[in-house]
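One structure is given below, encoded as structure tokens.
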Amino acid sequence: MDHTAVLALFDREMREHARPFGPDSVVERVGGVVRHVGSEQGWNGVLWSDLTESDADAAIAEQCRYFARLGREFEWKLYGHDRPHDLGQRLLAAGFTPEPAETLMVIEAGELDLDAGPPPGVELRPVTDAAGVGLMADVHEQAFGTPGTGLRHQLLAQLDEAPDTLVAVVAVADGVPVSSARMELVPGTQFAGLWGGGTVEAWRGRGIYRALIAHRARVAVDRGYPYLQVDASDQSRPILRRLGFAPLTTTVPYVHAAP
């Protein structure tokens, strides 16, 4: 895989020419900034920018004013190769708070072990209705320690309005959900995004995470998506590297609080 070429393709398809994440969202291009405007419960933020030292501060201030008028918290998703080189420092000066850095990792979907299954006693169940979404939100809260309200809203909207863009799955052991994950499929792009892979603490280290990746990779291959993409945390990055994912760059979410 040509890492430079794939990163350029990712920038072009998934950032500069991004599509809305859901039916209640829009993507707006304003000057050198591409922003995603979702519902109050959805994701709001800047996906891509083409800025210079002379216009970066003005662009940052304009986005702060725009989302303040909406009364929304928003995120500026900064990648390691974005310019100008001090954009992160400029965001800090404008009142943003950085969250933990992640690594953008990509693999050709067909290069994975697509036959990897869950451990004995664990069943993978597709999520296709509100009950399944509820199980996913419960696992999310246990695995990550954060509220699942926003996730619940997003998934219910996708299942209702654009079910072909979502692949969601829950791992169940003895009738109890122990892990979950989803994949976002954006029509017209070559990247299937892996999101939300989380396992409750008592079930970690048993191969469920790997099985969830293989499950989603099979679907991606069947639907013609050549690449899998994930924003990897420090916890998942070593696992993904062993599976063959390549790190392309870093990404840091800079969050600006709602007024």
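Chain labels follow the order of the structure tokens: the first chain is A, the next B, and so on; residue numbering restarts at 1 in every chain, and ligands are counted from 1 in their shown order.
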Produce a table with one row for each residue of segment 84-115 of chain A that has an atom at most 12 Å from any atom of segment 182-194 of chain A, each row naming the nearest atom pair and its distance in Å at one decimal; use only C-alpha atoms; arrange rows by chain and rising residue number; format as CSV.
residue,atom,partner,partner_atom,distance
A:Leu104,CA,A:Gly193,CA,10.6
A:Met105,CA,A:Leu194,CA,10.2
A:Val106,CA,A:Phe191,CA,8.8
A:Ile107,CA,A:Phe191,CA,9.7
A:Glu108,CA,A:Phe191,CA,9.4
A:Ala109,CA,A:Ala192,CA,8.9
Export of prior selection with all heavy atoms as a PDB file, in the first residue's frame:
ATOM      1  N   LEU A 104      -4.581   7.637  12.801  1.00  0.00           N
ATOM      2  CA  LEU A 104      -5.331   7.201  11.632  1.00  0.00           C
ATOM      3  C   LEU A 104      -4.628   5.974  11.060  1.00  0.00           C
ATOM      4  O   LEU A 104      -3.475   6.046  10.639  1.00  0.00           O
ATOM      5  CB  LEU A 104      -5.395   8.315  10.590  1.00  0.00           C
ATOM      6  CG  LEU A 104      -5.991   7.923   9.235  1.00  0.00           C
ATOM      7  CD1 LEU A 104      -7.465   7.552   9.382  1.00  0.00           C
ATOM      8  CD2 LEU A 104      -5.807   9.040   8.212  1.00  0.00           C
ATOM      9  N   MET A 105      -5.339   4.834  11.048  1.00  0.00           N
ATOM     10  CA  MET A 105      -4.784   3.583  10.553  1.00  0.00           C
ATOM     11  C   MET A 105      -5.668   3.030   9.445  1.00  0.00           C
ATOM     12  O   MET A 105      -6.901   3.111   9.522  1.00  0.00           O
ATOM     13  CB  MET A 105      -4.649   2.561  11.694  1.00  0.00           C
ATOM     14  CG  MET A 105      -3.842   3.081  12.869  1.00  0.00           C
ATOM     15  SD  MET A 105      -3.522   1.839  14.156  1.00  0.00           S
ATOM     16  CE  MET A 105      -2.192   0.903  13.387  1.00  0.00           C
ATOM     17  N   VAL A 106      -5.023   2.468   8.419  1.00  0.00           N
ATOM     18  CA  VAL A 106      -5.743   1.986   7.238  1.00  0.00           C
ATOM     19  C   VAL A 106      -5.185   0.631   6.818  1.00  0.00           C
ATOM     20  O   VAL A 106      -3.991   0.360   6.993  1.00  0.00           O
ATOM     21  CB  VAL A 106      -5.618   2.995   6.073  1.00  0.00           C
ATOM     22  CG1 VAL A 106      -6.235   2.436   4.788  1.00  0.00           C
ATOM     23  CG2 VAL A 106      -6.286   4.319   6.425  1.00  0.00           C
ATOM     24  N   ILE A 107      -6.050  -0.204   6.275  1.00  0.00           N
ATOM     25  CA  ILE A 107      -5.639  -1.480   5.708  1.00  0.00           C
ATOM     26  C   ILE A 107      -6.517  -1.777   4.497  1.00  0.00           C
ATOM     27  O   ILE A 107      -7.661  -1.312   4.425  1.00  0.00           O
ATOM     28  CB  ILE A 107      -5.768  -2.633   6.739  1.00  0.00           C
ATOM     29  CG1 ILE A 107      -5.075  -3.898   6.237  1.00  0.00           C
ATOM     30  CG2 ILE A 107      -7.230  -2.912   7.066  1.00  0.00           C
ATOM     31  CD1 ILE A 107      -5.014  -5.019   7.276  1.00  0.00           C
ATOM     32  N   GLU A 108      -5.958  -2.485   3.529  1.00  0.00           N
ATOM     33  CA  GLU A 108      -6.783  -2.999   2.438  1.00  0.00           C
ATOM     34  C   GLU A 108      -7.644  -4.119   3.008  1.00  0.00           C
ATOM     35  O   GLU A 108      -7.119  -5.079   3.582  1.00  0.00           O
ATOM     36  CB  GLU A 108      -5.904  -3.499   1.306  1.00  0.00           C
ATOM     37  CG  GLU A 108      -5.130  -2.383   0.615  1.00  0.00           C
ATOM     38  CD  GLU A 108      -4.323  -2.892  -0.568  1.00  0.00           C
ATOM     39  OE1 GLU A 108      -4.912  -3.491  -1.472  1.00  0.00           O
ATOM     40  OE2 GLU A 108      -3.094  -2.687  -0.550  1.00  0.00           O
ATOM     41  N   ALA A 109      -8.958  -3.998   2.869  1.00  0.00           N
ATOM     42  CA  ALA A 109      -9.886  -4.895   3.562  1.00  0.00           C
ATOM     43  C   ALA A 109      -9.610  -6.367   3.270  1.00  0.00           C
ATOM     44  O   ALA A 109      -9.703  -7.217   4.155  1.00  0.00           O
ATOM     45  CB  ALA A 109     -11.324  -4.541   3.182  1.00  0.00           C
TER      46      ALA A 109
END
With a distance cut-off of 12 Å and only C-alpha atoms, select the neighbouring residues of Leu7 of chain A, excluding the residue or stretch itself and same-chain residues fewer than 2 positions from it, and output the selection as a PyMOL selection string. chain A and resi 1-5+9-15+79-82+104-107+190-191+227+229+246-250
Write the residues of the selection above to a file with C-alpha atoms, as a PDB file, in the first residue's frame.
ATOM      1  CA  MET A   1       0.000   0.000   0.000  1.00  0.00           C
ATOM      2  CA  ASP A   2       1.341   3.421  -0.974  1.00  0.00           C
ATOM      3  CA  HIS A   3       0.850   5.269   2.317  1.00  0.00           C
ATOM      4  CA  THR A   4       1.267   8.758   0.846  1.00  0.00           C
ATOM      5  CA  ALA A   5      -1.221   8.117  -1.947  1.00  0.00           C
ATOM      6  CA  LEU A   9      -7.103   9.860  -1.130  1.00  0.00           C
ATOM      7  CA  PHE A  10      -8.456   9.849   2.432  1.00  0.00           C
ATOM      8  CA  ASP A  11      -8.030  13.628   2.715  1.00  0.00           C
ATOM      9  CA  ARG A  12      -9.843  14.166  -0.550  1.00  0.00           C
ATOM     10  CA  GLU A  13     -12.747  11.741  -0.104  1.00  0.00           C
ATOM     11  CA  MET A  14     -13.384  11.745   3.640  1.00  0.00           C
ATOM     12  CA  ARG A  15     -12.428  15.287   4.599  1.00  0.00           C
ATOM     13  CA  TYR A  79      -4.505  15.890  11.615  1.00  0.00           C
ATOM     14  CA  GLY A  80      -0.752  15.706  11.998  1.00  0.00           C
ATOM     15  CA  HIS A  81      -0.071  16.927   8.452  1.00  0.00           C
ATOM     16  CA  ASP A  82      -2.515  19.870   8.526  1.00  0.00           C
ATOM     17  CA  LEU A 104      -5.331   7.201  11.632  1.00  0.00           C
ATOM     18  CA  MET A 105      -4.784   3.583  10.553  1.00  0.00           C
ATOM     19  CA  VAL A 106      -5.743   1.986   7.238  1.00  0.00           C
ATOM     20  CA  ILE A 107      -5.639  -1.480   5.708  1.00  0.00           C
ATOM     21  CA  GLN A 190     -13.352   3.922  -0.996  1.00  0.00           C
ATOM     22  CA  PHE A 191     -13.130   3.905   2.802  1.00  0.00           C
ATOM     23  CA  TYR A 227     -10.011   0.195   2.498  1.00  0.00           C
ATOM     24  CA  GLN A 229     -10.077   3.120   8.253  1.00  0.00           C
ATOM     25  CA  ALA A 246      -0.741   0.840   8.828  1.00  0.00           C
ATOM     26  CA  PRO A 247      -0.476   4.167  10.681  1.00  0.00           C
ATOM     27  CA  LEU A 248      -0.759   7.097   8.250  1.00  0.00           C
ATOM     28  CA  THR A 249      -0.908  10.135  10.531  1.00  0.00           C
ATOM     29  CA  THR A 250      -2.129  11.308  13.928  1.00  0.00           C
TER      30      THR A 250
END
So which one's closest to Arg204 of chain A, A:Val178, A:Arg218, A:Thr251, A:Val169? Using only C-alpha atoms, please.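 When distances to Arg204 of chain A are compared using only C-alpha atoms, the smallest one comes from A:Val178.
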What parts of segment 83-253 of chain A does DSSP call strand (DSSP E)? I'd like the answer as a PyMOL selection string. chain A and resi 97-98+102-108+122-126+166-173+176-185+191-199+227-232+246-253
What does the distance between atom CA of Ala214 of chain A and atom CA of Leu114 of chain A come to in Å, to one decimal place? 4.9 Å
Give me, as a list in words, all polymer residues having an atom no more than 9 Å from Pro84 of chain A, counting only C-alpha atoms and skipping those fewer than 3 positions away in the same chain.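 Result of the neighbour search: Asp50, Leu51, Thr52, Glu53, Ala56, His81, Leu87 and Gly88 of chain A.
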So that I can see what lies close to Ser49 of chain A, please list as a VMD selection string the residues with an atom at most 9 Å from it, counting only C-alpha atoms and leaving out residues fewer than 6 positions away in the same chain. chain A and resid 15 to 16 31 to 35 78 82 to 83
Next, dump the selected residues to file, keeping only N, CA and C atoms, as a PDB file, in the first residue's frame.
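Heads up, here's the output in result-v6.pdb:
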ATOM      1  N   ARG A  15     -12.539  14.018   3.897  1.00  0.00           N
ATOM      2  CA  ARG A  15     -12.428  15.287   4.599  1.00  0.00           C
ATOM      3  C   ARG A  15     -12.829  16.454   3.703  1.00  0.00           C
ATOM      4  N   GLU A  16     -12.045  16.703   2.651  1.00  0.00           N
ATOM      5  CA  GLU A  16     -12.323  17.855   1.800  1.00  0.00           C
ATOM      6  C   GLU A  16     -13.687  17.751   1.117  1.00  0.00           C
ATOM      7  N   GLY A  31     -14.911  29.202   2.721  1.00  0.00           N
ATOM      8  CA  GLY A  31     -13.515  29.580   2.557  1.00  0.00           C
ATOM      9  C   GLY A  31     -12.625  28.352   2.567  1.00  0.00           C
ATOM     10  N   GLY A  32     -11.649  28.343   3.461  1.00  0.00           N
ATOM     11  CA  GLY A  32     -10.720  27.223   3.551  1.00  0.00           C
ATOM     12  C   GLY A  32     -11.101  26.193   4.571  1.00  0.00           C
ATOM     13  N   VAL A  33     -12.384  26.126   4.934  1.00  0.00           N
ATOM     14  CA  VAL A  33     -12.832  25.218   5.993  1.00  0.00           C
ATOM     15  C   VAL A  33     -14.018  24.387   5.503  1.00  0.00           C
ATOM     16  N   VAL A  34     -13.999  23.102   5.830  1.00  0.00           N
ATOM     17  CA  VAL A  34     -15.150  22.222   5.618  1.00  0.00           C
ATOM     18  C   VAL A  34     -15.675  21.827   6.985  1.00  0.00           C
ATOM     19  N   ARG A  35     -16.919  22.186   7.274  1.00  0.00           N
ATOM     20  CA  ARG A  35     -17.481  21.880   8.588  1.00  0.00           C
ATOM     21  C   ARG A  35     -18.704  20.982   8.446  1.00  0.00           C
ATOM     22  N   LEU A  78      -8.052  17.907  14.065  1.00  0.00           N
ATOM     23  CA  LEU A  78      -6.751  18.301  13.532  1.00  0.00           C
ATOM     24  C   LEU A  78      -5.899  17.069  13.238  1.00  0.00           C
ATOM     25  N   ASP A  82      -1.781  18.645   8.847  1.00  0.00           N
ATOM     26  CA  ASP A  82      -2.515  19.870   8.526  1.00  0.00           C
ATOM     27  C   ASP A  82      -1.615  21.100   8.700  1.00  0.00           C
ATOM     28  N   ARG A  83      -1.938  22.125   7.945  1.00  0.00           N
ATOM     29  CA  ARG A  83      -1.178  23.366   7.971  1.00  0.00           C
ATOM     30  C   ARG A  83      -2.096  24.527   8.330  1.00  0.00           C
TER      31      ARG A  83
END
Quick one: residues within 8 Å of Pro98 of chain A, only C-alpha atoms, excluding same-chain residues fewer than 4 positions away - as JSON, numbers by chain? {"A": [92, 252, 253, 254, 255]}
Selection: 8 Å around Thr199 of chain A, only C-alpha atoms, excl. self and same-chain fewer than 5 positions, as a ChimeraX atom specification: /A:139,143,178-180,204,208-209
Give me, as a VMD selection string, the residues of segment 13-232 of chain A that a backbone DSSP run labels helix (DSSP H, G or I). chain A and resid 13 to 16 56 to 70 87 to 93 109 to 111 130 to 144 149 to 161 163 to 165 201 to 203 208 to 222
